[in-house]
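This is structure_29.txt. It holds compact mmCIF, C-alpha atoms.
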# COMPACT_ATOMS: atom_id res chain seq x y z
CA MET W 1 -14.42 13.82 -23.65
CA SER W 2 -16.87 14.37 -20.81
CA VAL W 3 -15.18 15.42 -17.58
CA SER W 4 -17.47 13.00 -15.74
CA LYS W 5 -15.50 10.17 -17.32
CA LYS W 6 -12.19 11.19 -15.80
CA VAL W 7 -10.90 8.96 -13.02
CA LEU W 8 -7.86 9.75 -10.88
CA ILE W 9 -5.82 6.72 -9.79
CA LEU W 10 -3.18 6.86 -7.06
CA SER W 11 -0.93 3.81 -7.41
CA TYR W 12 2.59 3.47 -6.03
CA TYR W 13 3.27 0.63 -8.46
CA TRP W 14 3.24 1.56 -12.13
CA PRO W 15 5.29 0.57 -15.19
CA PRO W 16 8.21 0.14 -15.43
CA SER W 17 7.69 -1.49 -12.04
CA GLY W 18 7.51 -5.24 -12.48
CA GLY W 19 5.73 -7.93 -10.49
CA SER W 20 2.09 -8.73 -9.95
CA GLY W 21 1.15 -5.64 -7.91
CA VAL W 22 1.52 -3.27 -10.85
CA GLN W 23 -0.61 -5.22 -13.32
CA ARG W 24 -4.03 -4.75 -11.71
CA TRP W 25 -4.43 -0.99 -12.26
CA MET W 26 -2.17 -0.96 -15.30
CA TYR W 27 -4.77 -3.13 -17.04
CA PHE W 28 -7.73 -1.33 -15.51
CA ALA W 29 -6.32 1.94 -16.89
CA LYS W 30 -5.65 0.36 -20.28
CA TYR W 31 -9.22 -0.88 -20.68
CA LEU W 32 -10.82 2.17 -19.07
CA LYS W 33 -9.21 4.20 -21.84
CA GLU W 34 -10.36 1.69 -24.48
CA LEU W 35 -13.91 1.86 -23.08
CA GLY W 36 -14.13 5.65 -23.32
CA TRP W 37 -12.83 6.80 -19.96
CA GLU W 38 -9.83 9.02 -19.21
CA PRO W 39 -7.67 7.49 -16.48
CA ILE W 40 -5.12 9.86 -14.92
CA VAL W 41 -2.45 8.16 -12.82
CA ILE W 42 -0.34 9.67 -10.06
CA THR W 43 2.61 7.47 -9.16
CA VAL W 44 6.18 7.64 -7.94
CA ASP W 45 9.23 8.34 -10.11
CA GLU W 46 10.80 4.93 -10.71
CA LYS W 47 14.27 6.42 -10.17
CA GLN W 48 13.35 7.04 -6.53
CA ALA W 49 10.88 4.18 -5.91
CA ALA W 50 11.53 1.04 -3.90
CA TYR W 51 10.56 -1.37 -6.68
CA PRO W 52 11.72 -5.00 -6.23
CA GLN W 53 11.82 -5.50 -10.03
CA LEU W 54 11.54 -3.50 -13.22
CA ASP W 55 9.72 -4.67 -16.35
CA GLN W 56 10.22 -2.24 -19.22
CA SER W 57 7.94 -4.33 -21.46
CA LEU W 58 4.89 -3.19 -19.48
CA LEU W 59 5.32 0.39 -20.68
CA LYS W 60 3.71 -0.48 -24.01
CA GLU W 61 0.52 -1.49 -22.17
CA VAL W 62 0.01 2.05 -20.87
CA GLU W 63 0.95 4.10 -23.92
CA GLY W 64 -1.26 7.18 -24.23
CA ILE W 65 -2.31 7.15 -20.58
CA ARG W 66 -1.69 10.38 -18.70
CA VAL W 67 0.80 9.76 -15.87
CA ILE W 68 2.10 12.20 -13.27
CA LYS W 69 5.27 11.07 -11.46
CA THR W 70 6.39 12.49 -8.13
CA ALA W 71 9.36 12.38 -5.81
CA THR W 72 9.33 10.28 -2.63
CA ARG W 73 11.39 9.46 0.45
CA GLU W 74 12.31 5.78 0.57
CA PRO W 75 13.89 4.12 3.63
CA LEU W 76 13.40 0.72 1.97
CA ARG W 77 16.13 1.46 -0.57
CA LEU W 78 18.60 2.03 2.27
CA TYR W 79 17.38 -1.12 4.03
CA SER W 80 17.89 -3.11 0.83
CA ARG W 81 21.45 -1.82 0.39
CA LEU W 82 22.29 -2.74 3.98
CA ILE W 83 21.16 -6.38 3.67
CA SER W 84 21.90 -7.12 0.01
CA GLY W 85 24.25 -4.43 -1.31
CA LYS W 86 21.67 -3.41 -3.94
CA ALA W 87 18.85 -0.86 -3.92
CA ALA W 88 16.11 -3.34 -4.87
CA LYS W 89 17.26 -6.92 -4.25
CA GLY W 90 16.56 -6.94 -0.51
CA ILE W 91 13.14 -5.29 -0.47
CA PRO W 92 10.77 -7.66 1.40
CA GLN W 93 8.06 -9.44 -0.57
CA GLY W 94 5.45 -11.76 0.90
CA GLU W 95 7.38 -12.49 4.09
CA VAL W 96 9.50 -10.76 6.70
CA ASN W 97 12.99 -12.05 7.43
CA THR W 98 13.18 -12.59 11.19
CA LYS W 99 15.87 -15.28 11.25
CA SER W 100 18.80 -12.95 11.89
CA PHE W 101 19.20 -10.31 14.60
CA PHE W 102 19.23 -7.61 11.92
CA GLY W 103 16.09 -9.07 10.36
CA LYS W 104 14.29 -9.04 13.72
CA LEU W 105 15.41 -5.47 14.37
CA ALA W 106 14.33 -4.35 10.90
CA ALA W 107 10.93 -6.02 11.35
CA TYR W 108 10.45 -4.25 14.69
CA ILE W 109 11.38 -0.87 13.21
CA ARG W 110 9.15 -1.45 10.18
CA GLY W 111 6.20 -2.55 12.33
CA ASN W 112 6.43 0.22 14.92
CA TYR W 113 7.95 3.29 13.26
CA PHE W 114 6.58 3.06 9.70
CA ILE W 115 2.81 2.86 10.11
CA PRO W 116 1.06 1.78 7.99
CA ASP W 117 4.18 0.93 5.93
CA ALA W 118 7.68 2.00 4.97
CA ARG W 119 6.52 3.73 1.77
CA LYS W 120 4.54 6.38 3.64
CA GLY W 121 7.21 8.90 2.60
CA TRP W 122 5.39 9.09 -0.73
CA VAL W 123 2.16 10.42 0.83
CA PRO W 124 2.96 14.18 0.94
CA PHE W 125 4.23 14.15 -2.64
CA ALA W 126 1.18 12.25 -3.88
CA VAL W 127 -1.18 14.58 -2.03
CA LYS W 128 0.49 17.69 -3.42
CA ALA W 129 0.32 16.41 -7.02
CA ALA W 130 -3.29 15.26 -6.66
CA GLN W 131 -4.41 18.50 -5.01
CA LYS W 132 -2.97 20.56 -7.85
CA LEU W 133 -4.70 18.36 -10.44
CA LEU W 134 -8.05 18.34 -8.64
CA GLU W 135 -8.01 22.13 -8.32
CA GLN W 136 -7.45 22.51 -12.06
CA GLU W 137 -9.80 19.85 -13.44
CA ASN W 138 -13.31 18.63 -12.75
CA ILE W 139 -12.70 15.06 -11.60
CA GLU W 140 -15.42 13.10 -9.81
CA HIS W 141 -13.95 9.59 -9.47
CA PHE W 142 -10.92 8.76 -7.36
CA ILE W 143 -9.17 5.42 -6.70
CA THR W 144 -6.38 4.61 -4.23
CA THR W 145 -4.85 1.14 -4.38
CA GLY W 146 -2.69 -0.65 -1.83
CA PRO W 147 -0.42 -2.09 -0.75
CA PRO W 148 1.28 0.09 0.11
CA HIS W 149 -1.74 1.03 2.19
CA SER W 150 -0.15 4.40 2.95
CA THR W 151 -1.56 5.33 -0.48
CA HIS W 152 -5.00 5.35 1.19
CA ILE W 153 -3.70 7.88 3.73
CA ALA W 154 -3.17 10.25 0.81
CA GLY W 155 -6.79 9.60 -0.14
CA LEU W 156 -7.90 10.30 3.42
CA GLN W 157 -6.26 13.74 3.29
CA LEU W 158 -7.68 14.58 -0.14
CA ILE W 159 -11.25 13.57 0.68
CA ASP W 160 -11.35 16.31 3.32
CA LEU W 161 -10.61 18.89 0.62
CA PHE W 162 -12.65 17.67 -2.36
CA GLN W 163 -16.02 16.10 -3.10
CA LEU W 164 -15.08 12.79 -4.73
CA ASN W 165 -16.40 9.31 -5.37
CA TRP W 166 -13.45 7.72 -3.55
CA TRP W 167 -13.01 3.95 -3.69
CA VAL W 168 -10.17 2.19 -1.92
CA ASP W 169 -8.75 -0.95 -3.51
CA PHE W 170 -7.36 -3.54 -1.09
CA ARG W 171 -5.28 -5.80 -3.35
CA ASP W 172 -4.19 -7.45 -0.09
CA PRO W 173 -5.67 -7.00 3.40
CA TRP W 174 -4.29 -4.22 5.60
CA THR W 175 -4.08 -4.97 9.34
CA ASP W 176 -5.19 -8.58 8.85
CA VAL W 177 -2.61 -9.52 6.21
CA PHE W 178 -0.90 -12.81 7.08
CA TYR W 179 2.67 -11.49 7.44
CA ASN W 180 1.73 -8.73 9.92
CA LYS W 181 2.26 -11.21 12.75
CA GLN W 182 5.98 -11.14 11.97
CA MET W 183 6.23 -7.35 12.39
CA ARG W 184 6.57 -7.47 16.19
CA GLN W 185 4.16 -4.57 16.59
CA SER W 186 3.46 -3.21 20.06
CA ARG W 187 -0.17 -2.93 21.16
CA ARG W 188 0.07 0.81 20.67
CA SER W 189 1.33 0.37 17.09
CA GLN W 190 -1.38 -2.20 16.35
CA ALA W 191 -4.02 0.23 17.65
CA LYS W 192 -2.65 3.08 15.53
CA ASP W 193 -2.59 0.91 12.42
CA ALA W 194 -6.16 -0.28 13.06
CA GLN W 195 -7.30 3.29 13.65
CA LEU W 196 -5.89 4.42 10.29
CA GLU W 197 -7.47 1.47 8.51
CA LYS W 198 -10.88 2.14 10.06
CA ALA W 199 -10.71 5.85 9.18
CA VAL W 200 -10.05 4.96 5.56
CA LEU W 201 -12.79 2.32 5.48
CA GLU W 202 -15.32 4.72 7.01
CA LYS W 203 -14.59 7.73 4.81
CA ALA W 204 -14.32 5.92 1.48
CA SER W 205 -17.32 5.72 -0.83
CA GLY W 206 -16.69 2.00 -1.16
CA VAL W 207 -14.11 -0.77 -0.90
CA ILE W 208 -12.78 -2.99 -3.71
CA THR W 209 -11.11 -6.34 -3.01
CA THR W 210 -9.88 -9.20 -5.17
CA ILE W 211 -11.86 -11.73 -3.15
CA GLY W 212 -15.14 -11.70 -1.19
CA GLY W 213 -16.31 -14.25 1.37
CA GLU W 214 -14.55 -14.17 4.73
CA LEU W 215 -12.49 -11.12 3.82
CA HIS W 216 -15.63 -9.06 3.24
CA GLN W 217 -17.11 -10.40 6.47
CA SER W 218 -14.07 -9.32 8.49
CA LEU W 219 -14.08 -5.86 6.91
CA LYS W 220 -17.83 -5.45 7.40
CA ALA W 221 -17.34 -6.18 11.10
CA LYS W 222 -15.23 -3.00 11.20
CA VAL W 223 -17.53 -0.85 9.03
CA PRO W 224 -20.97 -2.52 8.86
CA HIS W 225 -22.60 0.04 6.53
CA GLN W 226 -19.83 0.20 3.91
CA LYS W 227 -20.19 -0.97 0.30
CA PHE W 228 -17.93 -3.78 -0.91
CA VAL W 229 -17.21 -4.90 -4.47
CA THR W 230 -15.16 -7.91 -5.56
CA LEU W 231 -13.02 -7.41 -8.68
CA ALA W 232 -10.58 -10.22 -9.45
CA ASN W 233 -7.29 -9.56 -11.21
CA GLY W 234 -8.03 -11.57 -14.34
CA PHE W 235 -5.91 -12.15 -17.44
CA ASP W 236 -5.23 -10.08 -20.53
CA GLU W 237 -6.91 -11.89 -23.40
CA ALA W 238 -5.00 -10.02 -26.12
CA LEU W 239 -1.61 -10.88 -24.60
CA MET W 240 -2.61 -14.49 -24.00
CA ASN W 241 -3.77 -14.96 -27.60
CA ASN W 242 -0.64 -13.38 -29.08
CA ILE W 243 1.82 -15.71 -27.36
CA VAL W 244 2.40 -19.15 -28.85
CA SER W 245 4.53 -21.58 -26.85
CA LEU W 246 4.23 -25.37 -26.88
CA PRO W 247 5.38 -27.93 -24.29
CA PRO W 248 8.50 -29.94 -25.19
CA LYS W 249 7.88 -33.48 -26.42
CA ASP W 250 10.95 -35.11 -24.93
CA VAL W 251 10.50 -34.16 -21.23
CA PHE W 252 7.78 -33.70 -18.60
CA HIS W 253 7.85 -29.95 -18.04
CA VAL W 254 6.75 -28.58 -14.64
CA VAL W 255 6.56 -24.78 -14.31
CA TYR W 256 6.32 -22.34 -11.41
CA THR W 257 6.28 -18.56 -11.80
CA GLY W 258 6.14 -15.81 -9.19
CA LEU W 259 7.30 -15.20 -5.65
CA LEU W 260 8.34 -18.28 -3.68
CA THR W 261 8.99 -18.10 0.07
CA GLN W 262 9.20 -20.27 3.16
CA GLN W 263 5.52 -19.37 3.75
CA GLN W 264 4.51 -21.67 0.87
CA ALA W 265 4.31 -25.47 0.88
CA TYR W 266 6.67 -26.23 -2.01
CA PRO W 267 8.39 -29.19 -0.17
CA SER W 268 5.27 -31.32 -0.74
CA ILE W 269 5.80 -30.97 -4.50
CA LEU W 270 9.48 -31.86 -4.21
CA LYS W 271 8.54 -35.12 -2.49
CA ALA W 272 6.02 -35.95 -5.21
CA LEU W 273 8.45 -35.23 -8.06
CA LEU W 274 11.06 -37.39 -6.36
CA GLN W 275 8.59 -40.30 -6.25
CA LEU W 276 7.49 -40.22 -9.91
CA LYS W 277 7.79 -43.64 -11.52
CA GLY W 278 8.84 -43.84 -15.15
CA ASP W 279 11.66 -43.16 -17.57
CA ARG W 280 10.45 -39.80 -18.90
CA PRO W 281 12.96 -37.01 -18.09
CA ILE W 282 11.67 -34.18 -15.90
CA ARG W 283 12.40 -30.47 -16.19
CA PHE W 284 11.36 -28.10 -13.40
CA SER W 285 11.40 -24.46 -14.57
CA LEU W 286 11.05 -21.60 -12.11
CA ALA W 287 10.86 -17.86 -12.71
CA GLY W 288 10.34 -14.93 -10.37
CA ASN W 289 11.65 -13.74 -7.04
CA ILE W 290 13.17 -16.85 -5.45
CA SER W 291 16.03 -16.84 -2.95
CA ASP W 292 19.30 -18.69 -3.49
CA SER W 293 18.64 -20.79 -0.38
CA ILE W 294 15.29 -22.07 -1.71
CA LEU W 295 16.79 -22.83 -5.12
CA LYS W 296 19.61 -24.74 -3.44
CA GLU W 297 17.04 -26.71 -1.43
CA ILE W 298 15.07 -27.58 -4.58
CA ARG W 299 18.16 -28.71 -6.50
CA SER W 300 19.38 -30.78 -3.57
CA ALA W 301 15.99 -32.49 -3.19
CA LEU W 302 15.69 -33.33 -6.90
CA PRO W 303 19.05 -34.72 -8.10
CA HIS W 304 17.42 -36.51 -11.06
CA VAL W 305 15.45 -33.45 -12.24
CA LYS W 306 16.79 -30.70 -14.48
CA VAL W 307 16.02 -27.56 -12.44
CA VAL W 308 16.12 -24.37 -14.50
CA TYR W 309 15.85 -20.97 -12.82
CA HIS W 310 15.03 -18.18 -15.27
CA GLY W 311 15.23 -15.31 -12.79
CA TYR W 312 12.70 -12.51 -13.15
CA LEU W 313 11.02 -12.59 -16.58
CA ASP W 314 9.04 -9.83 -18.22
CA HIS W 315 5.30 -10.50 -18.35
CA ALA W 316 5.15 -11.82 -21.91
CA ALA W 317 8.11 -14.15 -21.34
CA ALA W 318 6.48 -15.45 -18.14
CA ILE W 319 3.28 -16.25 -20.08
CA ALA W 320 5.34 -18.05 -22.73
CA LEU W 321 7.00 -20.14 -20.02
CA MET W 322 3.60 -21.01 -18.53
CA LYS W 323 2.32 -22.15 -21.93
CA SER W 324 5.34 -24.42 -22.36
CA GLY W 325 4.45 -26.48 -19.29
CA HIS W 326 2.72 -29.82 -18.90
CA LEU W 327 1.89 -28.78 -15.33
CA LEU W 328 1.69 -25.39 -13.60
CA LEU W 329 2.24 -25.14 -9.85
CA ASN W 330 0.71 -22.72 -7.37
CA PHE W 331 1.23 -22.41 -3.61
CA ILE W 332 -1.12 -20.51 -1.31
CA PHE W 333 0.69 -18.45 1.33
CA ALA W 334 0.27 -19.94 4.80
CA GLY W 335 -2.39 -17.98 6.67
CA SER W 336 -3.78 -16.25 3.57
CA THR W 337 -6.38 -18.74 2.33
CA THR W 338 -9.27 -16.32 2.91
CA GLN W 339 -7.42 -13.20 1.77
CA MET W 340 -6.69 -13.39 -1.95
CA ILE W 341 -6.85 -15.16 -5.30
CA SER W 342 -3.68 -14.35 -7.17
CA GLY W 343 -3.78 -12.90 -10.68
CA LYS W 344 -1.25 -15.56 -11.61
CA LEU W 345 -3.85 -18.26 -10.98
CA LEU W 346 -6.21 -16.60 -13.48
CA GLU W 347 -3.37 -16.45 -16.02
CA TYR W 348 -2.58 -20.11 -15.37
CA PHE W 349 -6.17 -21.02 -16.27
CA ALA W 350 -6.06 -18.87 -19.40
CA THR W 351 -3.12 -20.93 -20.72
CA GLN W 352 -5.27 -24.10 -20.46
CA VAL W 353 -2.30 -25.98 -18.98
CA PRO W 354 -3.16 -28.33 -16.04
CA VAL W 355 -2.84 -26.67 -12.63
CA LEU W 356 -1.94 -28.07 -9.23
CA SER W 357 -2.29 -25.70 -6.27
CA ILE W 358 -1.28 -26.52 -2.71
CA GLY W 359 -3.67 -25.08 -0.13
CA ASP W 360 -7.14 -25.35 1.35
CA PRO W 361 -9.63 -26.93 -1.12
CA LEU W 362 -12.51 -25.18 0.72
CA SER W 363 -11.03 -21.70 0.27
CA ALA W 364 -12.24 -19.26 -2.40
CA ALA W 365 -9.21 -20.15 -4.52
CA GLY W 366 -9.98 -23.83 -4.00
CA GLU W 367 -13.58 -23.35 -5.13
CA PHE W 368 -12.38 -21.44 -8.19
CA ILE W 369 -9.97 -24.23 -9.13
CA THR W 370 -12.75 -26.83 -9.11
CA GLN W 371 -14.10 -25.16 -12.27
CA GLY W 372 -11.12 -26.44 -14.26
CA SER W 373 -11.30 -29.77 -16.07
CA CYS W 374 -7.71 -30.63 -15.12
CA ALA W 375 -6.95 -28.61 -12.00
CA LYS W 376 -6.88 -29.37 -8.28
CA MET W 377 -6.28 -27.70 -4.94
CA ILE W 378 -4.81 -30.22 -2.50
CA GLU W 379 -3.81 -29.86 1.14
CA ARG W 380 -0.07 -29.90 1.74
CA GLU W 381 -0.37 -32.96 4.02
CA ASP W 382 -2.16 -35.08 1.40
CA GLN W 383 0.98 -36.44 -0.21
CA VAL W 384 -0.87 -39.38 -1.79
CA ALA W 385 -3.25 -37.09 -3.70
CA ILE W 386 -0.45 -34.74 -4.75
CA HIS W 387 1.64 -37.62 -6.08
CA GLY W 388 -1.37 -39.21 -7.79
CA PHE W 389 -2.30 -36.03 -9.67
CA ILE W 390 1.25 -35.47 -10.94
CA GLN W 391 1.85 -39.15 -11.73
CA ALA W 392 -1.30 -39.29 -13.89
CA LEU W 393 -0.08 -36.34 -15.99
CA TYR W 394 3.45 -37.73 -16.13
CA GLU W 395 2.27 -41.04 -17.60
CA VAL W 396 0.40 -39.38 -20.49
CA ASN W 397 2.88 -38.62 -23.26
CA LYS W 398 0.92 -35.67 -24.62
CA SER W 399 -0.30 -32.32 -23.35
CA GLN W 400 -3.52 -32.32 -21.36
CA LYS W 401 -5.94 -29.37 -21.47
CA ASN W 402 -7.37 -27.60 -18.45
CA GLU W 403 -10.64 -26.16 -19.75
CA MET W 404 -13.08 -23.90 -17.95
CA ASP W 405 -16.58 -22.72 -18.89
CA LYS W 406 -17.05 -18.97 -19.36
CA LEU W 407 -13.35 -18.24 -19.01
CA ASP W 408 -13.83 -14.93 -20.83
CA GLN W 409 -15.65 -13.48 -17.81
CA TRP W 410 -12.25 -13.39 -16.11
CA SER W 411 -10.60 -11.30 -18.84
CA ARG W 412 -9.21 -7.90 -17.83
CA LYS W 413 -11.58 -6.14 -20.19
CA SER W 414 -14.62 -7.93 -18.79
CA ILE W 415 -13.61 -7.12 -15.21
CA THR W 416 -13.02 -3.47 -16.18
CA GLN W 417 -16.58 -3.34 -17.53
CA HIS W 418 -17.74 -4.58 -14.13
CA LEU W 419 -15.59 -1.87 -12.48
CA ILE W 420 -17.34 0.80 -14.54
CA LYS W 421 -20.77 -0.59 -13.69
CA THR W 422 -20.27 -1.02 -9.96
CA VAL W 423 -17.71 1.64 -8.94
CA LEU W 424 -17.78 4.47 -11.49
CA SER W 425 -21.51 4.61 -12.15

Just give me the structure of the file as structure tokens.
Amino acid sequence: MSVSKKVLILSYYWPPSGGSGVQRWMYFAKYLKELGWEPIVITVDEKQAAYPQLDQSLLKEVEGIRVIKTATREPLRLYSRLISGKAAKGIPQGEVNTKSFFGKLAAYIRGNYFIPDARKGWVPFAVKAAQKLLEQENIEHFITTGPPHSTHIAGLQLIDLFQLNWWVDFRDPWTDVFYNKQMRQSRRSQAKDAQLEKAVLEKASGVITTIGGELHQSLKAKVPHQKFVTLANGFDEALMNNIVSLPPKDVFHVVYTGLLTQQQAYPSILKALLQLKGDRPIRFSLAGNISDSILKEIRSALPHVKVVYHGYLDHAAAIALMKSGHLLLNFIFAGSTTQMISGKLLEYFATQVPVLSIGDPLSAAGEFITQGSCAKMIEREDQVAIHGFIQALYEVNKSQKNEMDKLDQWSRKSITQHLIKTVLS
């Protein structure tokens, strides 16, 4: 194989890590290999990593891909043990707990002493492994993906030593991410974080994001002459086609999968489900990282609904659950309407099950959703529209289809082809 087709990928998240963060470059690597490239991944040893979940089923997706695992230093594992008694259960995801004194203290320490993030202890190990590899092999293309954005700091150190086509992948924004406001950063810490981000943006060959629009505009304001490419997360067509799961006939089945926090407008859905008129039983299935307090709130608000919490499901089981729904729910994080389109939303559309998302209809995600034949993005305050959409589906005693033209352009393979054309050419 031509050495020019080798691409080095630095990714903290890698199978058997679970969750959505791992899937983006796992699938890029899978299809890069299928399309004639040789992806080489440097990641952290899962025995030492601060992974919120593990999903052993994902390992089969990356069989045959060359992976180098390193040690790390992980304060998040200690933090998790202190607040939850377990090494992974208390690792923050999507929000920062500032309700308790300990939560406020932890947020302050995280925001001011671990810049850009609390996984920066991996950087020296990643750099050492990458430097050894780059000295031994002729590799031209180099990807760092974050969060954690400390991964890009490793890239910053390596780019001073080697001539590389280095692209940084911002799966989520860095300094502008919505939950940064909860970190209680001092002005000095904010300036340091912004300085690191700008150094990365300036030295990289280009920047990849999952969304364009306002996010690209805000980044271009920091580095006007930089190149930006939008590569969505997509869905895996092979996995989607291999899973058969039908909605139950005897109940109206509502499904939510993924992370659910206080930063999302799920109460508006609870009100609508409570107001449904008819005799058809309702089942509300949830899967993913959801706190006991939120589950208790949902059950208390819906006494007539059978609420089923599946916990964290492996990827294939989560797809099967999605396909068994009459309605799939999505909630945009408050303050993040211009920052991301979740990979879950693309998978929702691939199931062809109707989708209701709560958020800004004028956002990029809102514009995407308008392409579905039975999908809507509705503001959280518009309770009449939310209830009307659900009631219409509830009254139809058969599964409705959410169809979309040119859905295949959002497949992981198709997006990987675009990656090759725009980033690795």

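The residue that comes closest to His418 (chain W), out of W:Ile332, W:Ile115, W:Ile208, W:Ala272 and on the basis of only C-alpha atoms, is W:Ile208.
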
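With all atoms listed in the file as the atoms that count, the residue of W:Val177, W:Glu34, W:Gly121, W:Ile243 with the shortest distance to Ala317 (chain W) is W:Ile243.
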
**Item:** Gln383 (chain W) environment, 9 Å, all atoms listed in the file, sequence neighbours closer than 6 positions dropped, as a ChimeraX atom specification
**Value:** /W:268-269,271-272

**Item:** Closest of W:Leu329, W:Leu231, W:Val200, W:Ala320 to Thr257 (chain W) - atom-to-atom distances counting only C-alpha atoms
**Value:** W:Leu329

**Message:** Between CA of Phe349 (chain W) and CA of Ser411 (chain W), what is the distance in Å, rounded to a tenth?
**Reply:** 11.0 Å

Distance query Leu407 (chain W) at most 12 Å, all atoms listed in the file, self and fewer than 2 positions along chain excluded, as an mmCIF file with C-alpha atoms, in the frame of the given file:
data_model
loop_
_atom_site.group_PDB
_atom_site.id
_atom_site.type_symbol
_atom_site.label_atom_id
_atom_site.label_comp_id
_atom_site.auth_asym_id
_atom_site.auth_seq_id
_atom_site.Cartn_x
_atom_site.Cartn_y
_atom_site.Cartn_z
ATOM 1 C CA GLY W 234 -8.030 -11.570 -14.340
ATOM 2 C CA PHE W 235 -5.910 -12.150 -17.440
ATOM 3 C CA ASP W 236 -5.230 -10.080 -20.530
ATOM 4 C CA GLU W 237 -6.910 -11.890 -23.400
ATOM 5 C CA LEU W 346 -6.210 -16.600 -13.480
ATOM 6 C CA GLU W 347 -3.370 -16.450 -16.020
ATOM 7 C CA TYR W 348 -2.580 -20.110 -15.370
ATOM 8 C CA PHE W 349 -6.170 -21.020 -16.270
ATOM 9 C CA ALA W 350 -6.060 -18.870 -19.400
ATOM 10 C CA THR W 351 -3.120 -20.930 -20.720
ATOM 11 C CA GLN W 352 -5.270 -24.100 -20.460
ATOM 12 C CA PHE W 368 -12.380 -21.440 -8.190
ATOM 13 C CA GLN W 371 -14.100 -25.160 -12.270
ATOM 14 C CA GLY W 372 -11.120 -26.440 -14.260
ATOM 15 C CA ASN W 402 -7.370 -27.600 -18.450
ATOM 16 C CA GLU W 403 -10.640 -26.160 -19.750
ATOM 17 C CA MET W 404 -13.080 -23.900 -17.950
ATOM 18 C CA ASP W 405 -16.580 -22.720 -18.890
ATOM 19 C CA GLN W 409 -15.650 -13.480 -17.810
ATOM 20 C CA TRP W 410 -12.250 -13.390 -16.110
ATOM 21 C CA SER W 411 -10.600 -11.300 -18.840
ATOM 22 C CA ARG W 412 -9.210 -7.900 -17.830
ATOM 23 C CA SER W 414 -14.620 -7.930 -18.790
ATOM 24 C CA ILE W 415 -13.610 -7.120 -15.210
#

**Asked** If you measure from CA of His315 (chain W) to CA of Lys398 (chain W), what distance in Å do you get, rounded to one decimal?
**Response** 26.3 Å

**Prompt:** So which one's closest to Met183 (chain W), W:Phe114, W:Tyr256, W:Trp14, W:Trp122? Using all atoms listed in the file, please.
**Reply:** W:Phe114

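Residue nearest Phe142 (chain W) within the list W:Ile211, W:Leu32, W:Leu259, W:Leu10: W:Leu10 [criterion: smallest interatomic distance, only C-alpha atoms].
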
**Prompt:** From the list W:Gly213, W:Leu8, W:Glu46, W:Trp174, which residue is nearest Ala194 (chain W) when using all atoms listed in the file?
**Reply:** W:Trp174

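Between CA of Glu74 (chain W) and CA of Lys203 (chain W) lies a distance of 27.3 Å.
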
Where is the centre and how long are the edges: axis-aligned box on region 383-391 of chain W, 3 Å on each side, Å to one decimal, as lines of an AutoDock Vina configuration file:
center_x = -0.7
center_y = -37.1
center_z = -6.0
size_x = 11.1
size_y = 10.6
size_z = 17.5
